[in-house]
file data_5.txt (compact mmCIF, C-alpha atoms)
# COMPACT_ATOMS: atom_id res chain seq x y z
CA MET A 1 -53.90 -3.90 -51.25
CA ALA A 2 -51.52 -1.70 -49.28
CA ARG A 3 -48.30 -0.68 -51.01
CA LEU A 4 -45.46 1.63 -50.10
CA ALA A 5 -45.53 4.86 -52.08
CA ALA A 6 -42.49 5.61 -54.24
CA HIS A 7 -41.28 8.23 -51.76
CA GLU A 8 -41.61 5.73 -48.88
CA ILE A 9 -39.50 3.16 -50.72
CA ALA A 10 -36.93 5.85 -51.50
CA ARG A 11 -36.82 6.87 -47.83
CA TYR A 12 -36.32 3.28 -46.69
CA GLN A 13 -33.50 2.78 -49.15
CA ALA A 14 -31.80 6.08 -48.30
CA GLU A 15 -32.42 6.29 -44.54
CA GLY A 16 -32.80 2.62 -43.58
CA TRP A 17 -36.27 3.04 -42.09
CA VAL A 18 -39.72 4.37 -42.87
CA VAL A 19 -43.13 4.83 -41.21
CA PRO A 20 -45.64 3.97 -43.94
CA GLN A 21 -48.99 5.64 -44.34
CA PHE A 22 -50.67 2.24 -43.90
CA ALA A 23 -51.85 1.39 -40.37
CA ILE A 24 -53.89 -1.38 -38.74
CA ALA A 25 -57.52 -0.52 -38.01
CA PRO A 26 -58.48 0.16 -34.36
CA PRO A 27 -60.76 -2.90 -33.95
CA ARG A 28 -57.93 -5.22 -34.91
CA VAL A 29 -55.49 -3.38 -32.65
CA ALA A 30 -57.94 -3.95 -29.79
CA GLN A 31 -58.01 -7.67 -30.60
CA LEU A 32 -54.21 -7.79 -30.62
CA ARG A 33 -54.06 -6.03 -27.25
CA ASP A 34 -56.37 -8.72 -25.89
CA ALA A 35 -54.00 -11.33 -27.34
CA LEU A 36 -51.10 -9.47 -25.72
CA ASP A 37 -52.75 -9.53 -22.31
CA GLN A 38 -53.38 -13.28 -22.69
CA LEU A 39 -49.75 -13.75 -23.78
CA LEU A 40 -48.60 -12.04 -20.60
CA ARG A 41 -50.90 -14.22 -18.47
CA ASP A 42 -49.60 -17.34 -20.23
CA ASN A 43 -45.97 -16.39 -19.54
CA PRO A 44 -45.80 -15.09 -15.96
CA ASP A 45 -42.16 -16.14 -15.56
CA VAL A 46 -40.88 -14.46 -18.76
CA ARG A 47 -39.82 -10.82 -18.81
CA PRO A 48 -42.40 -9.07 -21.03
CA GLU A 49 -39.62 -7.54 -23.15
CA LYS A 50 -38.38 -11.03 -24.05
CA LEU A 51 -41.43 -12.74 -25.57
CA ILE A 52 -39.51 -14.39 -28.39
CA SER A 53 -41.31 -16.33 -31.16
CA ALA A 54 -44.65 -15.15 -29.77
CA HIS A 55 -46.30 -16.17 -33.06
CA ILE A 56 -45.82 -19.91 -32.42
CA GLU A 57 -48.90 -21.16 -30.63
CA GLY A 58 -48.44 -23.01 -27.35
CA ASP A 59 -45.02 -24.10 -26.09
CA ASN A 60 -42.71 -22.79 -28.80
CA GLY A 61 -39.56 -24.57 -27.62
CA GLU A 62 -37.89 -21.25 -26.80
CA GLY A 63 -39.32 -20.70 -23.33
CA VAL A 64 -42.52 -18.90 -24.36
CA ARG A 65 -46.13 -19.98 -24.84
CA GLY A 66 -47.12 -18.12 -27.98
CA SER A 67 -50.36 -17.08 -29.66
CA ARG A 68 -51.59 -17.68 -33.19
CA ARG A 69 -52.92 -14.11 -33.20
CA PHE A 70 -49.40 -12.85 -33.81
CA LEU A 71 -48.82 -15.34 -36.62
CA GLU A 72 -52.01 -14.05 -38.25
CA LEU A 73 -50.64 -10.51 -37.92
CA ALA A 74 -47.31 -11.52 -39.49
CA GLN A 75 -49.16 -13.24 -42.36
CA ASP A 76 -51.37 -10.23 -43.07
CA PRO A 77 -51.24 -9.84 -46.87
CA GLU A 78 -51.04 -6.06 -46.66
CA ILE A 79 -48.05 -6.11 -44.32
CA VAL A 80 -46.37 -8.75 -46.50
CA GLU A 81 -46.96 -6.52 -49.53
CA LEU A 82 -45.26 -3.59 -47.78
CA VAL A 83 -42.28 -5.81 -47.00
CA SER A 84 -42.05 -7.06 -50.59
CA ASP A 85 -41.73 -3.46 -51.74
CA VAL A 86 -38.33 -3.27 -50.03
CA ILE A 87 -36.93 -6.83 -50.07
CA GLY A 88 -38.50 -8.25 -53.24
CA ASP A 89 -41.37 -10.52 -54.20
CA ASP A 90 -40.14 -13.68 -52.43
CA VAL A 91 -40.81 -13.24 -48.71
CA ILE A 92 -40.10 -15.58 -45.80
CA LEU A 93 -41.39 -15.03 -42.27
CA TRP A 94 -38.91 -16.40 -39.76
CA GLY A 95 -39.46 -14.53 -36.49
CA CYS A 96 -41.69 -12.48 -34.21
CA HIS A 97 -40.69 -10.80 -30.96
CA VAL A 98 -43.13 -9.02 -28.64
CA PHE A 99 -41.44 -6.18 -26.75
CA CYS A 100 -43.71 -5.16 -23.88
CA LYS A 101 -42.07 -2.57 -21.63
CA PRO A 102 -44.00 -2.25 -18.36
CA ALA A 103 -44.61 1.16 -16.86
CA HIS A 104 -41.92 2.43 -14.46
CA GLU A 105 -39.48 -0.46 -14.99
CA GLY A 106 -39.33 -1.29 -18.72
CA TYR A 107 -35.90 -2.49 -19.77
CA GLU A 108 -33.51 -0.55 -21.99
CA THR A 109 -32.73 -1.94 -25.44
CA PRO A 110 -29.05 -1.13 -26.05
CA TRP A 111 -27.85 0.27 -29.36
CA HIS A 112 -27.35 -2.68 -31.70
CA GLN A 113 -27.70 -4.05 -35.22
CA ASP A 114 -30.11 -6.94 -35.73
CA GLY A 115 -27.79 -8.70 -38.14
CA HIS A 116 -25.32 -9.30 -35.31
CA TYR A 117 -27.71 -11.90 -33.85
CA TRP A 118 -29.21 -13.75 -36.79
CA PRO A 119 -28.13 -16.78 -38.90
CA ILE A 120 -29.26 -15.37 -42.24
CA ARG A 121 -26.72 -15.58 -45.10
CA PRO A 122 -26.34 -13.45 -47.09
CA LEU A 123 -27.60 -11.08 -44.42
CA ALA A 124 -30.88 -9.45 -45.48
CA ASN A 125 -34.05 -8.72 -43.54
CA CYS A 126 -36.84 -6.22 -43.02
CA THR A 127 -38.33 -5.83 -39.55
CA VAL A 128 -41.86 -4.46 -39.24
CA TRP A 129 -42.36 -2.94 -35.78
CA VAL A 130 -46.11 -2.68 -35.06
CA ALA A 131 -47.26 -0.50 -32.16
CA LEU A 132 -50.10 -1.93 -30.07
CA GLU A 133 -49.97 0.98 -27.61
CA PRO A 134 -48.60 4.53 -27.88
CA SER A 135 -44.84 4.42 -28.36
CA THR A 136 -43.39 7.80 -27.42
CA VAL A 137 -40.19 9.43 -26.25
CA SER A 138 -41.48 9.35 -22.68
CA ASN A 139 -42.07 5.57 -22.57
CA GLY A 140 -39.04 4.40 -24.53
CA CYS A 141 -39.91 4.40 -28.23
CA LEU A 142 -37.67 2.91 -30.90
CA ARG A 143 -34.68 5.11 -31.83
CA VAL A 144 -32.64 4.79 -35.02
CA ILE A 145 -29.44 6.18 -36.49
CA PRO A 146 -30.47 7.22 -40.02
CA ARG A 147 -28.27 6.00 -42.87
CA SER A 148 -26.29 3.69 -40.58
CA HIS A 149 -27.27 0.78 -42.85
CA ARG A 150 -25.66 2.11 -46.01
CA ASP A 151 -22.23 0.46 -45.77
CA ARG A 152 -23.81 -2.98 -45.08
CA VAL A 153 -21.29 -3.53 -42.28
CA LEU A 154 -21.78 -5.12 -38.85
CA HIS A 155 -19.88 -3.16 -36.22
CA PRO A 156 -18.34 -4.61 -33.03
CA HIS A 157 -20.71 -5.37 -30.16
CA LEU A 158 -19.64 -5.77 -26.54
CA HIS A 159 -21.17 -8.15 -24.00
CA GLU A 160 -22.76 -6.72 -20.85
CA ASP A 161 -23.74 -8.80 -17.81
CA ARG A 162 -26.72 -6.75 -16.70
CA THR A 163 -30.20 -7.85 -15.73
CA ASP A 164 -32.02 -4.67 -16.85
CA LEU A 165 -31.45 -4.99 -20.61
CA THR A 166 -33.55 -6.62 -23.33
CA LEU A 167 -30.28 -7.69 -25.02
CA ASN A 168 -26.85 -8.24 -23.48
CA GLN A 169 -24.91 -6.99 -26.50
CA ARG A 170 -24.19 -3.30 -27.02
CA MET A 171 -22.53 -1.37 -29.83
CA ALA A 172 -18.94 -0.44 -28.99
CA ASP A 173 -18.37 3.20 -28.03
CA GLY A 174 -17.27 5.42 -30.89
CA THR A 175 -18.99 3.36 -33.57
CA PHE A 176 -21.64 6.02 -34.27
CA ASP A 177 -22.82 9.46 -33.21
CA GLU A 178 -25.82 9.18 -30.88
CA ALA A 179 -26.58 12.85 -31.48
CA GLN A 180 -27.92 11.79 -34.90
CA ALA A 181 -30.59 9.56 -33.35
CA VAL A 182 -34.21 9.91 -34.45
CA ASP A 183 -37.10 8.91 -32.18
CA ILE A 184 -39.82 6.95 -33.99
CA GLU A 185 -43.03 7.80 -32.18
CA LEU A 186 -46.02 5.67 -33.16
CA GLN A 187 -49.68 5.51 -32.26
CA PRO A 188 -51.50 2.16 -31.90
CA GLY A 189 -51.78 0.48 -35.30
CA GLN A 190 -48.92 2.43 -36.84
CA MET A 191 -45.73 0.65 -37.80
CA SER A 192 -42.17 1.24 -38.88
CA LEU A 193 -39.96 -0.79 -41.21
CA HIS A 194 -36.20 -0.97 -40.77
CA ASP A 195 -33.22 -2.63 -42.41
CA VAL A 196 -31.15 -5.39 -40.83
CA PHE A 197 -28.00 -3.21 -40.73
CA MET A 198 -29.76 -0.23 -39.11
CA ILE A 199 -28.30 0.84 -35.75
CA HIS A 200 -31.19 1.20 -33.29
CA GLY A 201 -32.18 0.90 -29.66
CA ALA A 202 -34.62 2.23 -27.08
CA ARG A 203 -34.41 3.94 -23.70
CA PRO A 204 -35.92 2.31 -20.60
CA ASN A 205 -39.56 2.97 -19.82
CA THR A 206 -39.76 4.98 -16.60
CA SER A 207 -43.14 6.51 -17.45
CA GLN A 208 -46.58 5.56 -16.16
CA GLN A 209 -47.64 4.13 -19.55
CA ARG A 210 -46.84 0.64 -20.81
CA ARG A 211 -45.22 0.43 -24.26
CA THR A 212 -45.73 -2.57 -26.53
CA GLY A 213 -44.57 -3.34 -30.05
CA VAL A 214 -44.56 -6.51 -32.12
CA ALA A 215 -41.42 -6.97 -34.23
CA LEU A 216 -42.14 -9.11 -37.30
CA ARG A 217 -39.06 -10.52 -39.09
CA TYR A 218 -38.98 -11.12 -42.85
CA MET A 219 -36.12 -12.24 -45.10
CA PRO A 220 -35.92 -12.55 -48.89
CA SER A 221 -35.78 -16.12 -50.15
CA THR A 222 -32.52 -15.37 -51.95
CA SER A 223 -31.00 -15.72 -48.46
CA VAL A 224 -30.74 -18.90 -46.38
CA PHE A 225 -31.68 -19.41 -42.74
CA GLU A 226 -28.49 -21.23 -41.73
CA ARG A 227 -29.74 -23.26 -38.78
CA GLU A 228 -26.36 -24.51 -37.62
CA LEU A 229 -25.02 -20.99 -37.01
CA ARG A 230 -25.00 -19.44 -33.53
CA PRO A 231 -23.97 -15.85 -34.23
CA VAL A 232 -23.55 -14.69 -30.60
CA ASP A 233 -23.08 -18.16 -29.06
CA GLY A 234 -26.19 -17.90 -26.88
CA LYS A 235 -25.04 -14.73 -25.12
CA SER A 236 -27.72 -12.32 -26.34
CA GLY A 237 -29.75 -12.51 -23.13
CA VAL A 238 -32.71 -13.96 -25.07
CA ALA A 239 -33.20 -17.72 -25.40
CA VAL A 240 -33.44 -18.80 -29.05
CA ASN A 241 -33.48 -22.13 -30.87
CA PHE A 242 -32.68 -21.36 -34.50
CA ALA A 243 -32.16 -25.05 -35.27
CA GLN A 244 -35.90 -25.70 -34.81
CA ARG A 245 -37.30 -22.29 -35.78
CA PRO A 246 -40.17 -22.69 -38.30
CA LEU A 247 -40.18 -20.69 -41.52
CA TRP A 248 -43.18 -19.62 -43.60
CA LEU A 249 -42.92 -18.81 -47.31
CA LEU A 250 -45.53 -16.06 -47.51
CA LYS A 251 -44.99 -14.84 -51.05
CA GLY A 252 -43.21 -16.10 -54.16
CA VAL A 253 -40.81 -19.05 -54.22
CA ASP A 254 -37.65 -20.12 -52.39
CA ARG A 255 -35.03 -18.66 -54.73
CA SER A 256 -32.13 -20.18 -52.76
CA GLY A 257 -33.61 -23.68 -52.88
CA ARG A 258 -32.06 -24.33 -49.47
CA ASN A 259 -34.60 -23.08 -46.92
CA ASN A 260 -36.45 -25.80 -45.02
CA PHE A 261 -40.14 -25.10 -44.45
CA GLN A 262 -40.90 -28.34 -42.59
CA ILE A 263 -38.61 -27.99 -39.57
CA GLY A 264 -40.40 -26.75 -36.47
CA HIS A 265 -43.93 -27.13 -37.85
CA ARG A 266 -46.21 -29.43 -35.91
CA PRO A 267 -48.18 -32.03 -37.82
CA THR A 268 -51.82 -31.19 -38.40
CA VAL A 269 -54.22 -33.50 -36.59
CA THR A 270 -57.19 -34.55 -38.77
call {"tool": "encode", "arguments": {"input": "data_5.txt", "output": "structure tokens"}}
result
Amino acid sequence: MARLAAHEIARYQAEGWVVPQFAIAPPRVAQLRDALDQLLRDNPDVRPEKLISAHIEGDNGEGVRGSRRFLELAQDPEIVELVSDVIGDDVILWGCHVFCKPAHEGYETPWHQDGHYWPIRPLANCTVWVALEPSTVSNGCLRVIPRSHRDRVLHPHLHEDRTDLTLNQRMADGTFDEAQAVDIELQPGQMSLHDVFMIHGARPNTSQQRRTGVALRYMPSTSVFERELRPVDGKSGVAVNFAQRPLWLLKGVDRSGRNNFQIGHRPTVT
């Protein structure tokens, strides 16, 4: 079973992110790319950077027709084990977002903090960003501000009415020093983990190579997915329905005792 090494855990805690040694094998990456291509065919009217809840098969109630292949990826015991090394032994899957930036015209992801958008209280989460294709400086790889998670503070975000952004909320100027940014370049099958308070973003893709990553969202069960909250009042630029979002308890028990694991799940036909 995959585990983070002690130095990888220490890096995540100190820097807010880490690229583990563990990676997905090439045959499975190829299968996921096939699933990605089918996902794109199934959602011709959705911007490929905005494939929210792509792990929910069929019409997911959030404007996307998803694929079980991405749920299977999110449930992978080895990935879950990596996550438990940084958030504890009680792990809930609550989200999956496919970010596919087309060649030449891939949208920018503005600098932001994930916690600004999510109804998790107390705020805690680990995102696993899995590369399905090369993610490089030239095609708009993920960028992070190391150690920006340490104060556990959400900084002001400003709304932008633009049609060329994956999110319509941007960190306010002067909040951080962009000169400190680190580019996280990944090859297919590699992944990065980052903290919910980490400041991060990505440049637009103006290259000739498509860039795709799958962001898997995990929270510890000591937190609660507060379904009635709307943190940015629907102004993120991505359609979400947290009230009906299904949760999966992948490891351990629900320590809060308040998370609902029935909402959003379709009954099994026998």
call {"tool": "closest_residue", "arguments": {"input": "data_5.txt", "among": "A:Arg152, A:His55, A:His265, A:Arg121", "to": "A:Ala215", "atoms": "all atoms listed in the file"}}
result
A:His55
call {"tool": "residues_around", "arguments": {"input": "data_5.txt", "residues": "A:Leu216", "least_positions_apart": "3", "cutoff": "9 Å", "atoms": "only C-alpha atoms", "output": "list in words"}}
result
Phe70, Leu73, Ala74, Leu93, Trp94, Gly95, Cys96, His97, Val98, Cys126, Thr127, Val128, Trp129 and Val130 of chain A
call {"tool": "residues_around", "arguments": {"input": "data_5.txt", "residues": "stretch 195-204 of chain A", "least_positions_apart": "5", "cutoff": "6 Å", "atoms": "all atoms listed in the file", "output": "PyMOL selection string"}}
result
chain A and resi 16+106-115+125-126+140-145+148-149
call {"tool": "residues_near_point", "arguments": {"input": "data_5.txt", "point": "(-34.3, -17.3, -53.1)", "cutoff": "9 Å", "atoms": "all atoms listed in the file", "output": "PyMOL selection string"}}
result
chain A and resi 90-91+220-224+253-259
call {"tool": "closest_atom_pairs", "arguments": {"input": "data_5.txt", "of": "stretch 14-66 of chain A", "to": "stretch 161-169 of chain A", "cutoff": "12 Å", "atoms": "all atoms listed in the file", "output": "tab-separated table"}}
result
residue	atom	partner	partner_atom	distance
A:Val46	CA	A:Thr166	CA	11.7
A:Arg47	CA	A:Thr166	CA	8.8
A:Pro48	CA	A:Thr166	CA	9.5
A:Glu49	CA	A:Thr166	CA	6.1
A:Lys50	CA	A:Thr166	CA	6.6
A:Leu51	CA	A:Thr166	CA	10.2
A:Ile52	CA	A:Thr166	CA	11.0
call {"tool": "closest_residue", "arguments": {"input": "data_5.txt", "among": "A:His116, A:Arg266, A:His7, A:Arg147", "to": "A:Ala181", "atoms": "all atoms listed in the file"}}
result
A:Arg147
call {"tool": "atom_distance", "arguments": {"input": "data_5.txt", "atom1": "atom CA of A:Leu193", "atom2": "atom CA of A:Leu82"}}
result
8.9 Å
call {"tool": "residues_around", "arguments": {"input": "data_5.txt", "residues": "A:Arg33", "least_positions_apart": "5", "cutoff": "9 Å", "atoms": "only C-alpha atoms", "output": "PyMOL selection string"}}
result
chain A and resi 28+38+132-133
call {"tool": "write_last_selection", "arguments": {"input": "data_5.txt", "atoms": "C-alpha atoms", "output": "JSON list (two decimals), in the frame of the given file"}}
result
[["chain", "number", "residue", "atom", "x", "y", "z"],
["A", 28, "ARG", "CA", -57.93, -5.22, -34.91],
["A", 38, "GLN", "CA", -53.38, -13.28, -22.69],
["A", 132, "LEU", "CA", -50.10, -1.93, -30.07],
["A", 133, "GLU", "CA", -49.97, 0.98, -27.61]]
call {"tool": "atom_distance", "arguments": {"input": "data_5.txt", "atom1": "atom CA of A:Arg69", "atom2": "atom CA of A:Pro44"}}
result
18.7 Å
call {"tool": "closest_residue", "arguments": {"input": "data_5.txt", "among": "A:Ala103, A:Val240, A:Leu247, A:Val83", "to": "A:Gly63", "atoms": "all atoms listed in the file"}}
result
A:Val240
call {"tool": "atom_distance", "arguments": {"input": "data_5.txt", "atom1": "atom CA of A:Arg170", "atom2": "atom CA of A:Leu158"}}
result
5.2 Å
call {"tool": "axis_aligned_box", "arguments": {"input": "data_5.txt", "around": "stretch 35-42 of chain A", "padding_each_side": "8 Å", "output": "lines of an AutoDock Vina configuration file"}}
result
center_x = -51.3
center_y = -13.4
center_z = -22.9
size_x = 21.4
size_y = 23.9
size_z = 24.9
call {"tool": "residues_around", "arguments": {"input": "data_5.txt", "residues": "A:Glu57", "least_positions_apart": "4", "cutoff": "6 Å", "atoms": "all atoms listed in the file", "output": "list in words"}}
result
Gly66, Ser67 and Arg68 of chain A
call {"tool": "closest_residue", "arguments": {"input": "data_5.txt", "among": "A:Val232, A:Asn205, A:Ile120, A:Gly174", "to": "A:Glu105", "atoms": "only C-alpha atoms"}}
result
A:Asn205
call {"tool": "closest_residue", "arguments": {"input": "data_5.txt", "among": "A:Arg217, A:Ala172, A:Asp85, A:Asp42", "to": "A:Ala124", "atoms": "only C-alpha atoms"}}
result
A:Arg217
call {"tool": "closest_residue", "arguments": {"input": "data_5.txt", "among": "A:Gln244, A:Arg227, A:Leu4, A:Leu71", "to": "A:Leu32", "atoms": "only C-alpha atoms"}}
result
A:Leu71
call {"tool": "residues_near_point", "arguments": {"input": "data_5.txt", "point": "(-47.3, 0.6, -37.1)", "cutoff": "7 Å", "atoms": "all atoms listed in the file", "output": "mmCIF file with C-alpha atoms, keeping the file's coordinate frame"}}
result
data_model
loop_
_atom_site.group_PDB
_atom_site.id
_atom_site.type_symbol
_atom_site.label_atom_id
_atom_site.label_comp_id
_atom_site.auth_asym_id
_atom_site.auth_seq_id
_atom_site.Cartn_x
_atom_site.Cartn_y
_atom_site.Cartn_z
ATOM 1 C CA ALA A 23 -51.850 1.390 -40.370
ATOM 2 C CA TRP A 129 -42.360 -2.940 -35.780
ATOM 3 C CA VAL A 130 -46.110 -2.680 -35.060
ATOM 4 C CA ALA A 131 -47.260 -0.500 -32.160
ATOM 5 C CA LEU A 186 -46.020 5.670 -33.160
ATOM 6 C CA PRO A 188 -51.500 2.160 -31.900
ATOM 7 C CA GLY A 189 -51.780 0.480 -35.300
ATOM 8 C CA GLN A 190 -48.920 2.430 -36.840
ATOM 9 C CA MET A 191 -45.730 0.650 -37.800
ATOM 10 C CA SER A 192 -42.170 1.240 -38.880
#
call {"tool": "decode", "arguments": {"input": "data_5.txt", "residues": "stretch 145-206 of chain A", "atoms": "C-alpha atoms", "output": "mmCIF file, in the first residue's frame"}}
result
data_model
loop_
_atom_site.group_PDB
_atom_site.id
_atom_site.type_symbol
_atom_site.label_atom_id
_atom_site.label_comp_id
_atom_site.auth_asym_id
_atom_site.auth_seq_id
_atom_site.Cartn_x
_atom_site.Cartn_y
_atom_site.Cartn_z
ATOM 1 C CA ILE A 145 2.633 30.026 -3.015
ATOM 2 C CA PRO A 146 4.604 27.882 -0.549
ATOM 3 C CA ARG A 147 3.769 28.301 3.141
ATOM 4 C CA SER A 148 0.722 30.456 2.377
ATOM 5 C CA HIS A 149 -1.399 27.945 4.322
ATOM 6 C CA ARG A 150 0.378 28.326 7.645
ATOM 7 C CA ASP A 151 -1.771 31.040 9.254
ATOM 8 C CA ARG A 152 -5.002 29.129 8.402
ATOM 9 C CA VAL A 153 -6.565 32.391 7.200
ATOM 10 C CA LEU A 154 -8.817 33.035 4.195
ATOM 11 C CA HIS A 155 -7.823 36.279 2.498
ATOM 12 C CA PRO A 156 -10.192 38.632 0.620
ATOM 13 C CA HIS A 157 -11.241 37.593 -2.878
ATOM 14 C CA LEU A 158 -12.628 39.972 -5.500
ATOM 15 C CA HIS A 159 -15.283 39.146 -8.093
ATOM 16 C CA GLU A 160 -14.412 39.436 -11.788
ATOM 17 C CA ASP A 161 -16.971 39.374 -14.611
ATOM 18 C CA ARG A 162 -14.812 37.727 -17.247
ATOM 19 C CA THR A 163 -15.582 34.837 -19.555
ATOM 20 C CA ASP A 164 -12.001 33.529 -19.863
ATOM 21 C CA LEU A 165 -11.507 32.348 -16.264
ATOM 22 C CA THR A 166 -12.139 28.978 -14.622
ATOM 23 C CA LEU A 167 -13.250 30.869 -11.485
ATOM 24 C CA ASN A 168 -14.646 34.380 -11.163
ATOM 25 C CA GLN A 169 -13.033 35.092 -7.801
ATOM 26 C CA ARG A 170 -9.466 36.378 -7.537
ATOM 27 C CA MET A 171 -7.200 37.101 -4.577
ATOM 28 C CA ALA A 172 -7.041 40.808 -3.784
ATOM 29 C CA ASP A 173 -3.849 42.584 -4.868
ATOM 30 C CA GLY A 174 -1.205 42.856 -2.174
ATOM 31 C CA THR A 175 -2.309 39.729 -0.337
ATOM 32 C CA PHE A 176 0.798 37.743 -1.322
ATOM 33 C CA ASP A 177 4.035 37.981 -3.276
ATOM 34 C CA GLU A 178 3.663 36.284 -6.669
ATOM 35 C CA ALA A 179 7.446 36.234 -7.012
ATOM 36 C CA GLN A 180 7.423 33.364 -4.494
ATOM 37 C CA ALA A 181 5.311 31.161 -6.771
ATOM 38 C CA VAL A 182 6.442 27.603 -7.530
ATOM 39 C CA ASP A 183 5.377 25.808 -10.712
ATOM 40 C CA ILE A 184 4.321 22.197 -10.111
ATOM 41 C CA GLU A 185 5.196 20.364 -13.304
ATOM 42 C CA LEU A 186 3.817 16.830 -13.530
ATOM 43 C CA GLN A 187 3.994 13.980 -15.992
ATOM 44 C CA PRO A 188 0.963 11.744 -16.672
ATOM 45 C CA GLY A 189 0.179 9.658 -13.593
ATOM 46 C CA GLN A 190 1.991 11.964 -11.192
ATOM 47 C CA MET A 191 0.031 13.925 -8.629
ATOM 48 C CA SER A 192 0.323 16.714 -6.114
ATOM 49 C CA LEU A 193 -1.411 17.173 -2.767
ATOM 50 C CA HIS A 194 -2.246 20.605 -1.390
ATOM 51 C CA ASP A 195 -3.894 22.119 1.660
ATOM 52 C CA VAL A 196 -7.227 23.945 1.630
ATOM 53 C CA PHE A 197 -5.621 27.257 2.687
ATOM 54 C CA MET A 198 -2.872 27.117 0.034
ATOM 55 C CA ILE A 199 -2.841 30.067 -2.382
ATOM 56 C CA HIS A 200 -2.647 28.672 -5.916
ATOM 57 C CA GLY A 201 -3.636 29.273 -9.518
ATOM 58 C CA ALA A 202 -2.594 28.550 -13.092
ATOM 59 C CA ARG A 203 -1.771 30.580 -16.187
ATOM 60 C CA PRO A 204 -3.835 30.178 -19.370
ATOM 61 C CA ASN A 205 -2.843 27.492 -21.829
ATOM 62 C CA THR A 206 -1.638 29.154 -25.029
#
